[in-house]
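Source file: target25.txt; contents: compact mmCIF, C-alpha atoms and all ligand atoms.
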```txt
# COMPACT_ATOMS: atom_id res chain seq x y z
CA MET A 1 -25.25 12.83 17.07
CA SER A 2 -26.18 9.69 15.15
CA THR A 3 -26.21 6.24 16.72
CA ASP A 4 -25.96 3.09 14.64
CA SER A 5 -27.65 -0.25 15.29
CA VAL A 6 -24.96 -1.29 17.77
CA GLY A 7 -25.46 1.84 19.82
CA ILE A 8 -22.15 3.27 18.73
CA HIS A 9 -22.07 6.96 17.93
CA THR A 10 -20.65 7.78 14.56
CA ASP A 11 -20.32 11.55 14.46
CA SER A 12 -17.45 13.05 12.54
CA VAL A 13 -14.81 15.18 14.15
CA PRO A 14 -13.38 17.53 11.54
CA GLY A 15 -9.89 16.62 10.48
CA VAL A 16 -9.60 13.22 12.10
CA GLY A 17 -12.54 11.33 10.62
CA PRO A 18 -15.37 9.68 12.56
CA GLN A 19 -14.70 9.19 16.27
CA PRO A 20 -17.23 6.63 17.43
CA ALA A 21 -17.86 6.30 21.15
CA LEU A 22 -19.41 3.36 22.92
CA SER A 23 -22.68 4.21 24.64
CA ALA A 24 -22.74 3.97 28.43
CA GLU A 25 -25.67 1.51 28.39
CA LEU A 26 -23.89 -0.78 26.00
CA TRP A 27 -20.70 -0.68 28.05
CA GLN A 28 -22.58 -1.48 31.25
CA ALA A 29 -24.27 -4.44 29.58
CA PHE A 30 -20.89 -5.64 28.32
CA LEU A 31 -19.39 -5.40 31.83
CA ALA A 32 -22.40 -7.23 33.22
CA GLY A 33 -21.57 -10.18 30.96
CA ASP A 34 -24.19 -9.77 28.23
CA ARG A 35 -22.93 -12.17 25.56
CA ARG A 36 -25.05 -10.62 22.83
CA VAL A 37 -23.38 -7.27 23.41
CA CYS A 38 -19.98 -8.96 23.28
CA ALA A 39 -20.95 -10.57 19.96
CA ARG A 40 -22.15 -7.23 18.61
CA LEU A 41 -18.94 -5.48 19.62
CA ILE A 42 -16.96 -8.20 17.86
CA SER A 43 -18.99 -7.67 14.68
CA LYS A 44 -18.35 -3.98 15.00
CA VAL A 45 -14.55 -4.29 15.22
CA GLU A 46 -14.61 -6.95 12.52
CA ASN A 47 -16.62 -4.90 10.04
CA ASP A 48 -15.72 -1.33 10.86
CA PRO A 49 -11.99 -0.80 11.53
CA ARG A 50 -12.61 2.88 12.29
CA SER A 51 -14.65 1.96 15.36
CA VAL A 52 -11.68 0.09 16.86
CA PRO A 53 -9.84 2.92 18.68
CA ALA A 54 -12.92 4.20 20.50
CA ILE A 55 -14.01 0.73 21.53
CA ARG A 56 -10.56 -0.25 22.70
CA GLU A 57 -10.19 2.97 24.66
CA ARG A 58 -12.75 1.51 27.06
CA PHE A 59 -10.61 -1.56 27.62
CA ALA A 60 -7.88 0.30 29.49
CA GLY A 61 -6.85 -1.76 32.51
CA ARG A 62 -8.73 -4.83 31.26
CA LEU A 63 -6.12 -6.18 28.83
CA GLY A 64 -2.75 -7.84 29.16
CA GLN A 65 -3.44 -10.81 31.42
CA ALA A 66 -5.04 -13.36 29.11
CA ILE A 67 -2.88 -15.95 27.41
CA ARG A 68 -3.52 -16.07 23.67
CA ILE A 69 -2.95 -19.50 22.21
CA GLY A 70 -2.65 -19.88 18.44
CA VAL A 71 -3.70 -23.28 17.08
CA THR A 72 -2.37 -23.76 13.59
CA GLY A 73 -1.52 -26.50 11.11
CA PRO A 74 -2.42 -27.92 7.71
CA PRO A 75 -6.07 -28.31 6.62
CA GLY A 76 -8.17 -31.01 8.24
CA VAL A 77 -5.72 -32.18 10.91
CA GLY A 78 -8.25 -31.61 13.69
CA LYS A 79 -7.56 -28.05 14.84
CA SER A 80 -11.22 -27.22 15.44
CA THR A 81 -11.87 -30.52 17.17
CA LEU A 82 -8.86 -30.00 19.45
CA CYS A 83 -9.85 -26.38 20.14
CA SER A 84 -13.21 -27.62 21.47
CA VAL A 85 -11.42 -30.19 23.62
CA ILE A 86 -8.88 -27.67 24.91
CA ALA A 87 -11.60 -25.09 25.61
CA LEU A 88 -13.56 -27.58 27.70
CA GLY A 89 -10.39 -28.77 29.46
CA LEU A 90 -9.34 -25.23 30.35
CA ALA A 91 -12.87 -24.41 31.52
CA GLU A 92 -12.72 -27.44 33.82
CA ARG A 93 -9.49 -26.00 35.20
CA GLN A 94 -11.37 -22.85 36.25
CA HIS A 95 -10.50 -20.70 33.27
CA ARG A 96 -12.82 -18.58 31.23
CA VAL A 97 -12.08 -19.38 27.63
CA GLY A 98 -12.53 -17.52 24.36
CA VAL A 99 -12.28 -19.38 21.06
CA ILE A 100 -11.75 -17.55 17.79
CA ALA A 101 -11.99 -19.74 14.70
CA VAL A 102 -10.87 -18.11 11.50
CA ASP A 103 -12.51 -19.67 8.46
CA PRO A 104 -11.63 -19.30 4.82
CA SER A 105 -13.75 -16.56 3.34
CA SER A 106 -16.21 -17.64 0.77
CA PRO A 107 -15.39 -15.65 -2.36
CA PHE A 108 -19.12 -15.12 -2.79
CA THR A 109 -20.38 -14.11 0.60
CA GLY A 110 -17.28 -13.41 2.67
CA GLY A 111 -19.01 -15.52 5.31
CA ALA A 112 -17.57 -18.20 7.59
CA PHE A 113 -18.01 -21.89 6.85
CA MET A 114 -21.01 -23.55 8.43
CA GLY A 115 -18.89 -26.24 10.06
CA ASP A 116 -17.53 -24.07 12.82
CA ARG A 117 -20.84 -22.33 13.31
CA VAL A 118 -22.37 -25.71 13.99
CA ARG A 119 -19.53 -26.75 16.29
CA MET A 120 -20.06 -23.54 18.24
CA GLU A 121 -23.53 -24.68 19.22
CA ARG A 122 -21.81 -27.07 21.57
CA PHE A 123 -20.91 -24.17 23.83
CA VAL A 124 -24.27 -22.42 23.82
CA GLY A 125 -25.34 -22.00 27.42
CA ASP A 126 -21.82 -22.58 28.76
CA ASP A 127 -20.84 -19.30 30.43
CA ARG A 128 -17.23 -20.36 30.77
CA ILE A 129 -16.67 -20.41 27.01
CA PHE A 130 -17.25 -17.78 24.36
CA MET A 131 -16.75 -18.90 20.78
CA ARG A 132 -16.67 -16.80 17.69
CA SER A 133 -16.05 -17.59 14.06
CA LEU A 134 -14.43 -15.00 11.78
CA ALA A 135 -13.97 -14.93 8.03
CA SER A 136 -10.32 -14.61 7.04
CA ARG A 137 -11.19 -11.94 4.41
CA GLU A 138 -8.22 -10.26 2.84
CA GLY A 139 -5.93 -11.19 5.72
CA ARG A 140 -3.07 -13.25 4.41
CA GLY A 141 -1.35 -15.78 6.59
CA GLY A 142 -4.43 -17.47 7.95
CA LEU A 143 -5.94 -14.78 10.15
CA SER A 144 -8.60 -12.14 9.73
CA PRO A 145 -7.00 -8.69 10.04
CA ALA A 146 -9.37 -7.96 12.93
CA THR A 147 -8.27 -11.01 14.94
CA PRO A 148 -6.16 -9.17 17.55
CA TYR A 149 -8.97 -6.69 18.17
CA VAL A 150 -11.53 -9.45 18.46
CA ALA A 151 -9.22 -11.11 21.00
CA ASP A 152 -9.13 -7.80 22.89
CA VAL A 153 -12.94 -7.66 23.03
CA ILE A 154 -13.04 -11.23 24.32
CA GLU A 155 -10.34 -10.56 26.92
CA ALA A 156 -12.05 -7.37 28.09
CA PHE A 157 -15.22 -9.47 28.42
CA GLY A 158 -13.39 -11.48 31.06
CA MET A 159 -11.83 -14.47 29.31
CA ASP A 160 -8.32 -15.35 30.52
CA ARG A 161 -7.43 -17.98 27.91
CA ILE A 162 -8.05 -17.25 24.26
CA LEU A 163 -7.66 -19.91 21.59
CA ILE A 164 -7.15 -18.68 18.05
CA GLU A 165 -7.57 -21.28 15.32
CA THR A 166 -6.12 -20.23 11.98
CA VAL A 167 -7.29 -21.23 8.54
CA GLY A 168 -5.64 -24.47 7.54
CA VAL A 169 -3.63 -22.99 4.71
CA GLY A 170 -0.52 -24.93 5.59
CA GLN A 171 2.14 -22.73 4.16
CA ALA A 172 1.51 -19.21 5.24
CA GLU A 173 0.12 -19.19 8.72
CA LEU A 174 2.69 -16.92 10.19
CA ASP A 175 0.23 -14.16 11.10
CA VAL A 176 -0.59 -16.18 14.16
CA LEU A 177 2.88 -15.49 15.52
CA ASN A 178 2.09 -11.81 15.81
CA CYS A 179 -0.92 -12.18 18.00
CA ALA A 180 -0.39 -15.39 19.99
CA ASP A 181 1.60 -15.85 23.19
CA LEU A 182 1.81 -19.60 22.61
CA VAL A 183 1.68 -21.45 19.31
CA VAL A 184 0.35 -24.99 19.07
CA LEU A 185 1.15 -26.67 15.76
CA VAL A 186 -1.17 -29.56 14.91
CA LEU A 187 -0.14 -32.27 12.46
CA GLN A 188 -1.52 -35.68 11.57
CA PRO A 189 0.04 -38.99 10.51
CA SER A 190 -0.21 -38.33 6.79
CA THR A 191 1.67 -35.05 7.14
CA GLY A 192 4.96 -36.94 7.59
CA ASP A 193 6.31 -35.90 4.19
CA ALA A 194 4.85 -32.45 4.55
CA ILE A 195 7.08 -31.64 7.53
CA GLN A 196 9.88 -30.80 5.13
CA SER A 197 7.70 -28.31 3.36
CA LEU A 198 6.26 -26.60 6.43
CA LYS A 199 7.48 -23.06 6.62
CA ALA A 200 10.55 -23.01 8.83
CA GLY A 201 9.06 -20.06 10.72
CA ILE A 202 6.18 -22.08 12.06
CA MET A 203 8.48 -24.90 13.19
CA GLU A 204 10.66 -22.38 15.01
CA ALA A 205 7.73 -20.65 16.58
CA ALA A 206 5.83 -23.73 17.74
CA ASP A 207 5.76 -23.98 21.53
CA LEU A 208 4.01 -27.32 21.34
CA ILE A 209 3.55 -29.81 18.52
CA VAL A 210 0.61 -32.16 18.54
CA VAL A 211 0.33 -35.15 16.25
CA ASN A 212 -3.42 -35.67 16.23
CA LYS A 213 -5.34 -38.65 14.77
CA SER A 214 -2.83 -40.98 16.39
CA ASP A 215 -5.52 -43.66 16.00
CA LEU A 216 -4.52 -43.72 12.32
CA PRO A 217 -1.36 -45.52 11.19
CA GLY A 218 1.83 -43.50 10.84
CA ALA A 219 1.76 -41.30 13.95
CA ASP A 220 5.03 -42.76 15.24
CA THR A 221 6.74 -42.00 11.94
CA VAL A 222 5.71 -38.35 12.16
CA LEU A 223 6.94 -38.12 15.76
CA GLN A 224 10.26 -39.67 14.73
CA SER A 225 10.64 -37.28 11.79
CA LEU A 226 9.94 -34.34 14.09
CA ARG A 227 12.49 -35.50 16.64
CA PHE A 228 14.97 -35.92 13.81
CA VAL A 229 14.31 -32.41 12.43
CA TYR A 230 14.77 -30.85 15.86
CA SER A 231 17.86 -32.92 16.65
CA LEU A 232 19.48 -31.52 13.51
CA GLY A 233 18.72 -28.04 14.76
CA GLY A 234 17.28 -27.54 11.29
CA ALA A 235 14.28 -25.73 12.71
CA LYS A 236 16.61 -23.47 14.74
CA ALA A 237 14.41 -24.11 17.73
CA ARG A 238 15.38 -22.43 21.01
CA LYS A 239 14.94 -25.96 22.16
CA ALA A 240 12.72 -28.71 20.82
CA PRO A 241 9.14 -28.02 21.89
CA PRO A 242 7.16 -30.74 23.64
CA LEU A 243 5.78 -33.28 21.15
CA LEU A 244 2.48 -34.97 21.95
CA ALA A 245 0.35 -37.58 20.24
CA THR A 246 -3.42 -37.24 20.59
CA SER A 247 -6.54 -38.83 19.25
CA ALA A 248 -9.58 -36.63 19.61
CA GLN A 249 -11.63 -39.54 18.33
CA GLN A 250 -10.39 -42.07 20.88
CA THR A 251 -9.96 -39.38 23.58
CA GLU A 252 -6.30 -40.21 23.99
CA GLY A 253 -3.65 -37.77 25.14
CA LEU A 254 -6.21 -35.00 25.62
CA ASP A 255 -5.69 -34.41 29.36
CA GLU A 256 -1.96 -34.32 28.77
CA LEU A 257 -2.50 -31.80 25.98
CA VAL A 258 -4.46 -29.44 28.24
CA ASP A 259 -2.00 -29.93 31.12
CA THR A 260 0.94 -29.15 28.83
CA ILE A 261 -0.73 -25.97 27.57
CA GLU A 262 -1.33 -24.92 31.16
CA ARG A 263 2.24 -25.67 32.12
CA LEU A 264 3.53 -23.58 29.20
CA ALA A 265 1.12 -20.77 30.09
CA THR A 266 2.30 -20.71 33.69
CA SER A 267 5.97 -20.62 32.77
CA LEU A 268 5.28 -17.90 30.20
CA VAL A 269 3.91 -15.68 32.93
CA GLU A 270 6.47 -16.63 35.60
CA SER A 271 9.44 -16.06 33.30
CA GLY A 272 8.24 -12.56 32.37
CA ARG A 273 8.06 -13.62 28.72
CA HIS A 274 4.34 -12.95 28.55
CA ARG A 275 4.88 -9.34 29.48
CA GLU A 276 7.72 -9.01 26.97
CA LEU A 277 5.53 -10.33 24.16
CA ARG A 278 2.78 -7.90 25.05
CA GLN A 279 5.26 -5.05 25.16
CA ALA A 280 6.62 -5.97 21.72
CA ARG A 281 3.08 -5.97 20.32
CA LEU A 282 2.43 -2.58 21.86
CA VAL A 283 5.56 -1.19 20.19
CA ASP A 284 4.21 -2.42 16.84
CA GLU A 285 0.80 -1.02 17.54
CA ILE A 286 2.19 2.40 18.46
CA ARG A 287 4.31 2.50 15.31
CA ARG A 288 1.41 1.51 13.09
CA GLY A 289 -0.89 3.93 14.91
CA ILE A 290 1.46 6.86 14.36
CA GLN A 291 1.78 6.03 10.67
CA GLN A 292 -1.98 5.77 10.28
CA GLU A 293 -2.74 8.93 12.25
CA LEU A 294 -0.09 11.00 10.46
CA TRP A 295 -1.36 9.76 7.13
CA GLU A 296 -4.95 10.70 7.95
CA ARG A 297 -3.94 14.11 9.22
CA PHE A 298 -1.80 14.65 6.17
CA LEU A 299 -4.69 13.75 3.86
CA SER A 300 -7.07 15.93 5.81
CA GLN A 301 -5.21 18.92 4.43
CA THR A 302 -7.72 19.12 1.65
CA GLU A 303 -5.27 19.69 -1.16
CA ALA A 304 -3.14 16.60 -0.34
CA GLU A 305 -5.16 13.98 -2.21
CA SER A 306 -5.56 16.04 -5.36
CA ALA A 307 -1.89 17.09 -5.22
CA ILE A 308 -0.86 13.44 -5.02
CA GLN A 309 -3.08 12.54 -7.99
CA LYS A 310 -1.69 15.38 -10.03
CA VAL A 311 1.97 14.67 -9.19
CA ALA A 312 1.48 10.96 -9.95
CA ALA A 313 0.03 11.83 -13.35
CA ASP A 314 3.00 14.10 -14.07
CA LEU A 315 5.50 11.49 -12.92
CA ALA A 316 3.87 8.78 -15.00
CA GLU A 317 4.33 11.06 -17.99
CA SER A 318 7.84 12.31 -17.21
CA GLY A 319 9.34 9.13 -15.75
CA GLY A 320 10.33 11.10 -12.61
CA MET A 321 10.66 9.54 -9.17
CA ALA A 322 7.93 9.60 -6.53
CA TYR A 323 10.26 9.98 -3.62
CA ASP A 324 11.23 13.56 -4.50
CA PHE A 325 7.61 14.53 -4.01
CA VAL A 326 7.40 12.57 -0.75
CA ARG A 327 10.40 14.43 0.60
CA ALA A 328 9.09 17.79 -0.54
CA ALA A 329 5.64 17.13 0.94
CA CYS A 330 7.11 16.08 4.30
CA SER A 331 9.34 19.16 4.38
CA GLN A 332 6.26 21.27 3.79
CA VAL A 333 4.45 19.68 6.72
CA GLU A 334 7.54 20.13 8.89
CA LEU A 335 7.65 23.79 7.91
CA ARG A 336 4.03 24.30 8.87
CA VAL A 337 4.58 22.62 12.23
CA ARG A 338 7.53 24.94 12.89
CA GLU A 339 5.53 28.00 11.86
CA LYS A 340 2.78 27.03 14.28
CA ARG A 341 5.24 26.44 17.10
CA ASP A 342 7.19 29.69 16.69
N1 LIG B 1 -9.55 -40.44 13.00
C1 LIG B 1 -9.56 -39.24 13.60
N2 LIG B 1 -10.28 -38.23 13.04
C2 LIG B 1 -10.27 -37.03 13.67
C3 LIG B 1 -9.54 -36.81 14.87
N3 LIG B 1 -9.70 -35.51 15.23
C4 LIG B 1 -10.49 -34.96 14.31
N4 LIG B 1 -10.83 -35.85 13.36
C5 LIG B 1 -11.69 -35.65 12.17
O1 LIG B 1 -10.95 -34.91 11.19
C6 LIG B 1 -11.82 -34.08 10.44
C7 LIG B 1 -11.28 -32.66 10.43
O2 LIG B 1 -11.35 -32.13 11.75
P1 LIG B 1 -11.35 -30.58 12.05
O3 LIG B 1 -11.32 -30.43 13.50
O4 LIG B 1 -12.44 -29.91 11.30
O5 LIG B 1 -9.96 -30.18 11.39
P2 LIG B 1 -9.40 -28.71 11.14
O6 LIG B 1 -7.92 -28.81 11.22
O7 LIG B 1 -10.06 -27.74 12.03
O8 LIG B 1 -9.86 -28.46 9.66
P3 LIG B 1 -9.79 -27.07 8.86
O9 LIG B 1 -10.19 -26.00 9.81
O10 LIG B 1 -10.76 -27.28 7.75
O11 LIG B 1 -8.38 -26.95 8.38
C8 LIG B 1 -13.19 -34.20 11.09
O12 LIG B 1 -13.95 -35.10 10.35
C9 LIG B 1 -12.89 -34.76 12.46
O13 LIG B 1 -13.95 -35.53 12.99
C10 LIG B 1 -8.82 -37.92 15.43
O14 LIG B 1 -8.14 -37.82 16.46
N5 LIG B 1 -8.87 -39.09 14.74
MG MG B 2 -11.12 -25.91 11.57
```
Kindly return the structure encoded in the file as structure tokens.
Ligand SMILES: Nc1nc2c(ncn2[C@@H]2O[C@H](COP(=O)(O)OP(=O)(O)OP(=O)(O)O)[C@@H](O)[C@H]2O)c(=O)[nH]1
Ligand SMILES: [Mg+2]
Amino acid sequence: MSTDSVGIHTDSVPGVGPQPALSAELWQAFLAGDRRVCARLISKVENDPRSVPAIRERFAGRLGQAIRIGVTGPPGVGKSTLCSVIALGLAERQHRVGVIAVDPSSPFTGGAFMGDRVRMERFVGDDRIFMRSLASREGRGGLSPATPYVADVIEAFGMDRILIETVGVGQAELDVLNCADLVVLVLQPSTGDAIQSLKAGIMEAADLIVVNKSDLPGADTVLQSLRFVYSLGGAKARKAPPLLATSAQQTEGLDELVDTIERLATSLVESGRHRELRQARLVDEIRRGIQQELWERFLSQTEAESAIQKVAADLAESGGMAYDFVRAACSQVELRVREKRD
């Protein structure tokens, strides 16, 4: 059995691809609170999607309690600054806090921007907070595809509040909705006009809207525009979310921000909504898992890949339709399953 640098076995099981297993030593160190091991596990799930199932298998019974808080909004409005403030505020309220900052990928290195790496230093030595920066890679919608798994690692490590800052891409940050229990939308005074152009989805999904940089002129105008939009019902909100003004620079409104997040988190749990959201995500995960697993098993019938290539070449030539082949291939699999069963 081979073991890679993270201590994760990478032997192949015929038919179902590599089935990595987490070593007992590594798992013990993780449970004992070794932050380096946590960081290494995150790198593993970030860089090697095939390691995810085996790693997550260990997390049984350790997931489902943490509140995942998405922090989203246009570029430069102060999301990272507020995440630091919220993380400290939650830590002071006896929570253990994870922070995941998703940075735009550099087209050259795929690495995360230095800015957030530097900001992270702030939390070095603070056991209550674990911060991690991820590159957004090919994930569209402002998140790295590995984000939910990274959040799982951080929750299993013992954090009960997890902040997820998305890339400030403005228009397409809807990924966050799929992995956050609460969504905080951050705006700033100069985004007044931009409210019209914000994707309706994000306005509908926001559980809290923060107008940051209220030390700059124009914050009131943005608040008024927001109230107007919600009064029209244009954002189809269940009901208008709380609107807050903050200034991270002048430390204004920050306690209220953290208190509001805590209040929303508490009512999420008490209303049963938190459990519902988790259940809905599990349904998605099971569906995707079945698709993936069936696909891999299908391909593992050695002739499948070459048959697909050949049929595609024929279809390209003849102008025939792919779906006939799909149906025929599925019927064949069904037939084999029946033969085995009978
Ligand atoms: N005047 C003022 N500046 C602020 C405030 N909060 C943050 N900033 C500044 O705004 C700039 C952007 O802050 P970030 O926290 O990096 O913003 P961001 O939304 O995370 O940015 P991206 O991740 O690049 O989209 C920094 O220079 C901050 O110091 C505030 O309340 N008032
Ligand atoms: Mg940022």
Can you check which parts of stretch 205-283 of chain A lie within 12 Å of stretch 72-91 of chain A? Per residue, the shortest pair of atoms and distance in Å to one decimal, counting all atoms listed in the file, sorted by chain and number, as CSV.
```
residue,atom,partner,partner_atom,distance
A:Ala205,CA,A:Thr72,CA,11.0
A:Ala206,CA,A:Thr72,CA,9.2
A:Asp207,CA,A:Thr72,CA,11.4
A:Leu208,CA,A:Thr72,CA,10.7
A:Ile209,CA,A:Gly73,CA,9.6
A:Val210,CA,A:Gly73,CA,9.6
A:Val211,CA,A:Val77,CA,8.6
A:Asn212,CA,A:Val77,CA,6.8
A:Lys213,CA,A:Val77,CA,7.5
A:Ser214,CA,A:Val77,CA,10.8
A:Leu216,CA,A:Val77,CA,11.7
A:Ala245,CA,A:Leu82,CA,12.0
A:Thr246,CA,A:Leu82,CA,9.1
A:Ser247,CA,A:Leu82,CA,9.1
A:Ala248,CA,A:Leu82,CA,6.7
A:Gln249,CA,A:Thr81,CA,9.1
A:Thr251,CA,A:Val85,CA,9.3
A:Glu252,CA,A:Val85,CA,11.3
A:Gly253,CA,A:Leu82,CA,10.9
A:Leu254,CA,A:Val85,CA,7.4
A:Asp255,CA,A:Gly89,CA,7.3
A:Glu256,CA,A:Gly89,CA,10.1
A:Leu257,CA,A:Ile86,CA,7.7
A:Val258,CA,A:Ile86,CA,5.8
A:Asp259,CA,A:Gly89,CA,8.6
A:Thr260,CA,A:Ile86,CA,10.7
A:Ile261,CA,A:Ile86,CA,8.7
A:Glu262,CA,A:Leu90,CA,8.1
A:Arg263,CA,A:Leu90,CA,11.7
A:Ala265,CA,A:Leu90,CA,11.4
```
| field | Residue nearest ligand MG 2 (chain B) among A:Ala101, A:Phe325, A:Gln250, A:Val283 (counting only C-alpha atoms and all ligand atoms) | value |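 Residue with the minimum atom-to-atom distance to ligand MG 2 (chain B): A:Ala101.
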| task | Counting only C-alpha atoms and all ligand atoms, figure out which residue out of A:Gly218, A:Pro145, A:Pro49, A:Pro241 gets nearest to ligand LIG 1 (chain B). | result |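 With only C-alpha atoms and all ligand atoms as the atom set, the closest residue is A:Gly218.
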| query | In Å, with one decimal, what is the gap from atom CA of A:Gly64 to atom CA of A:Leu268? | reply | 12.9 Å
| message | For a quick check of understanding, using only C-alpha atoms and all ligand atoms, which of A:Gln65, A:Ser133, A:Ser271, A:Gln94 has the smallest distance to ligand MG 2 (chain B)? | response |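 So, comparing all the options, the nearest one is A:Ser133.
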| query | Separation of atom CA of A:Leu134 and atom CA of A:Ile100, in Å? | reply |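 Atom CA of A:Ile100 lies at a distance of 7.1 Å from atom CA of A:Leu134.
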| query | Pick the closest to ligand LIG 1 (chain B) from A:Gly125, A:Gly201, A:Gly289, A:Pro217: which is it, counting all atoms listed in the file? | reply |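 The answer is A:Pro217, which sits nearest to ligand LIG 1 (chain B).
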| Between atom CA of A:Val99 and atom CA of A:Ala151, what is the distance, to one decimal in Å? | 8.8 Å
| request: Excluding A:Ala180 and residues on its chain fewer than 5 positions from it, collect all residues at most 7 Å away from it, counting only C-alpha atoms, and give them as a ChimeraX atom specification. | output: /A:68-70
| query | With only C-alpha atoms as the basis for distance, which of A:Leu185, A:Ile67, A:Arg62, A:Val153 is at the shortest distance from A:Val37? | reply | A:Val153
| task | Skip A:Leu282 itself and residues of its chain fewer than 4 positions away, then list as a ChimeraX atom specification all residues within 12 Å of it, counting all atoms listed in the file. | result | /A:63-64,148,178-179,275-278,286-289
| Selected residue of minimal separation from A:Leu294 among A:Val102, A:Leu182, A:Cys330, A:Pro242, counting all atoms listed in the file | A:Cys330
